[in-house]
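**Q** Dropping a structure here in structure tokens format, bear with me for questions.
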Amino acid sequence: MDRLDRKILVELQLDGRQSITELSERVGLTVSPAHRRVRDLERSGAILGYRAVVDPTALGLHFEALVFVTMRQEDRDTLIAFEKAVAEIPNVLLAQRLFGDPDYLLRVRTTDLNAYAQLEDDLLAALPGVQRFNSTLVMKNIVVDRPYPADL
């Protein structure tokens with residue numbers, strides 16, 4: 001991946017809907033080489049896909065919590081079952097396995113505190129191998145979905 005590929009990635013992260021003509025102008029290429037590079041980046045897996053970035057409050061999702069999960073059991077089958085079950089909960093927007101304690105971090109969005117409490121009681125508490133949860137409520141988001149720096 002060269003400097004131009006990185007510029008293309010930066011530009012597409014900022015505006016994935018721009019035309020190939022606009023993109024080529026912004027990165028200093030003609031249309032054909034810019035189009036070829038974008039296709040190559042898509043084929044290589046550097047570009048995973050395209051999507052709209054939606055304001056969660058427009059969907060009524062006003063409540064956000066970070067949930068730290070400590071596992072009671074950490075055998076392979078339990079971890080696989082836990083991860084599979086977490087991946088099926090639509091309100092879990094991010095799930096990361098961590099080194100040390102806690103074992104997992106979940107980012108959860110719901111309509112309000114009551115909806116979160118119900119989600120925790122009905123779904124999260126039933127996840128395989130969980131010993132305990134520690135939830136932190138998000139007061140304010142400062143940086144959300146920042147584009148990856150490509151000029152490293």
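By convention here, the chains of the structure tokens are called A, B, ... in the order presented, each chain's residues are numbered starting at 1, and ligands are numbered starting at 1 in the order presented.
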Tell me which protein, DNA and RNA residues are within 10 Å of Asp103 in chain A, counting only C-alpha atoms, leaving out same-chain ones fewer than 2 positions away, and put them as a ChimeraX atom specification.
**A** /A:68-72,74,79,96-101,105,130
**Q** Could you name the residues that touch Ala65 in chain A at 10 Å or less, counting only C-alpha atoms, but leaving out those on the same chain fewer than 4 positions away, as a PyMOL selection string?
**A** chain A and resi 92+106-110+113+116+134-139
**Q** Nearest to His62 in chain A: which of A:Ala150, A:Ile47, A:Val144, A:Ala115 is it, counting only C-alpha atoms?
**A**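 When distances to His62 in chain A are compared using only C-alpha atoms, the smallest one comes from A:Ala115.
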**Q** Identify which of the residues A:Ala126, A:Ala117, A:Asp145, A:Leu48 lies closest to Leu94 in chain A, counting only C-alpha atoms when measuring atom-to-atom distances.
**A**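 That would be A:Asp145, the residue with the smallest distance to Leu94 in chain A.
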**Q** Which residues of range 32-115 of chain A come within 9 Å of range 20-28 of chain A, and what is each one's closest atom pair and distance in Å (one decimal), counting only C-alpha atoms, sorted by chain and residue number, as a tab-separated table?
**A**
```
residue	atom	partner	partner_atom	distance
A:Ser32	CA	A:Ser24	CA	8.5
A:Pro33	CA	A:Ser24	CA	8.2
A:Ala34	CA	A:Ser24	CA	5.4
A:His35	CA	A:Ile20	CA	6.3
A:Val38	CA	A:Ile20	CA	8.8
```
**Q** Would you please extract all alpha helix (DSSP H) residues from chain A, as assigned by DSSP on the backbone, and give them as a ChimeraX atom specification?
**A** /A:3-14,20-27,31-44,76-87,113-122
**Q** Could you pull out all residues of chain A with a DSSP call of strand (DSSP E) and give them as a ChimeraX atom specification?
**A** /A:63-71,92-97,104-110,130-137
**Q** Using C-alpha atoms, can you write the selected residues to a file as an mmCIF file, in the first residue's frame?
**A**
```
data_model
loop_
_atom_site.group_PDB
_atom_site.id
_atom_site.type_symbol
_atom_site.label_atom_id
_atom_site.label_comp_id
_atom_site.auth_asym_id
_atom_site.auth_seq_id
_atom_site.Cartn_x
_atom_site.Cartn_y
_atom_site.Cartn_z
ATOM 1 C CA PHE A 63 -28.917 5.579 26.395
ATOM 2 C CA GLU A 64 -25.397 4.158 26.139
ATOM 3 C CA ALA A 65 -23.492 1.960 28.558
ATOM 4 C CA LEU A 66 -20.066 0.371 28.585
ATOM 5 C CA VAL A 67 -20.337 -3.071 30.118
ATOM 6 C CA PHE A 68 -17.269 -4.791 31.522
ATOM 7 C CA VAL A 69 -17.705 -8.560 31.738
ATOM 8 C CA THR A 70 -15.711 -10.865 33.975
ATOM 9 C CA MET A 71 -15.996 -14.538 33.133
ATOM 10 C CA VAL A 92 -24.472 -4.669 21.519
ATOM 11 C CA LEU A 93 -22.686 -2.325 19.117
ATOM 12 C CA LEU A 94 -19.153 -3.342 20.048
ATOM 13 C CA ALA A 95 -17.769 -6.397 21.780
ATOM 14 C CA GLN A 96 -14.065 -6.763 22.513
ATOM 15 C CA ARG A 97 -12.127 -9.460 24.325
ATOM 16 C CA TYR A 104 -14.735 -8.330 27.765
ATOM 17 C CA LEU A 105 -15.938 -4.831 26.985
ATOM 18 C CA LEU A 106 -19.383 -4.350 25.464
ATOM 19 C CA ARG A 107 -20.777 -1.088 24.125
ATOM 20 C CA VAL A 108 -24.555 -1.163 24.416
ATOM 21 C CA ARG A 109 -27.239 1.271 23.169
ATOM 22 C CA THR A 110 -30.873 1.253 24.267
ATOM 23 C CA VAL A 130 -20.463 -14.809 33.100
ATOM 24 C CA GLN A 131 -19.399 -14.159 36.682
ATOM 25 C CA ARG A 132 -20.251 -10.456 36.887
ATOM 26 C CA PHE A 133 -20.968 -7.241 35.015
ATOM 27 C CA ASN A 134 -19.767 -3.761 35.780
ATOM 28 C CA SER A 135 -21.646 -1.115 33.805
ATOM 29 C CA THR A 136 -20.567 2.455 33.277
ATOM 30 C CA LEU A 137 -23.021 4.933 31.829
#
```
**Q** Separation of CA of Gln18 in chain A and CA of Tyr148 in chain A, in Å?
**A**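 Going from CA of Gln18 in chain A over to CA of Tyr148 in chain A covers 18.0 Å.
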**Q** For Ala125 in chain A, which residue out of A:Ala85, A:Arg17, A:Asp55, A:Asp151 is the nearest one, using only C-alpha atoms?
**A**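 Of the candidates, the smallest distance to Ala125 in chain A is held by A:Ala85.
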**Q** Mind pulling up the distance from CA of Asp40 in chain A to CA of Asp5 in chain A?
**A**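 One can read the CA of Asp5 in chain A to CA of Asp40 in chain A distance as 9.4 Å.
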**Q** So what do you get for CA of Gly45 in chain A versus CA of Leu14 in chain A, distance-wise?
**A**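 For CA of Gly45 in chain A relative to CA of Leu14 in chain A, the distance reads 18.2 Å.
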**Q** Pick the closest to Leu12 in chain A from A:Pro56, A:Arg36, A:Arg51, A:Thr30: which is it, counting only C-alpha atoms?
**A**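 Closest residue, counting only C-alpha atoms: A:Arg51.
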**Q** Counting only C-alpha atoms, which of A:Pro128, A:Pro147, A:Ile8, A:Ile142 gets nearest to Val86 in chain A?
**A**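 The closest residue to Val86 in chain A is A:Pro128.
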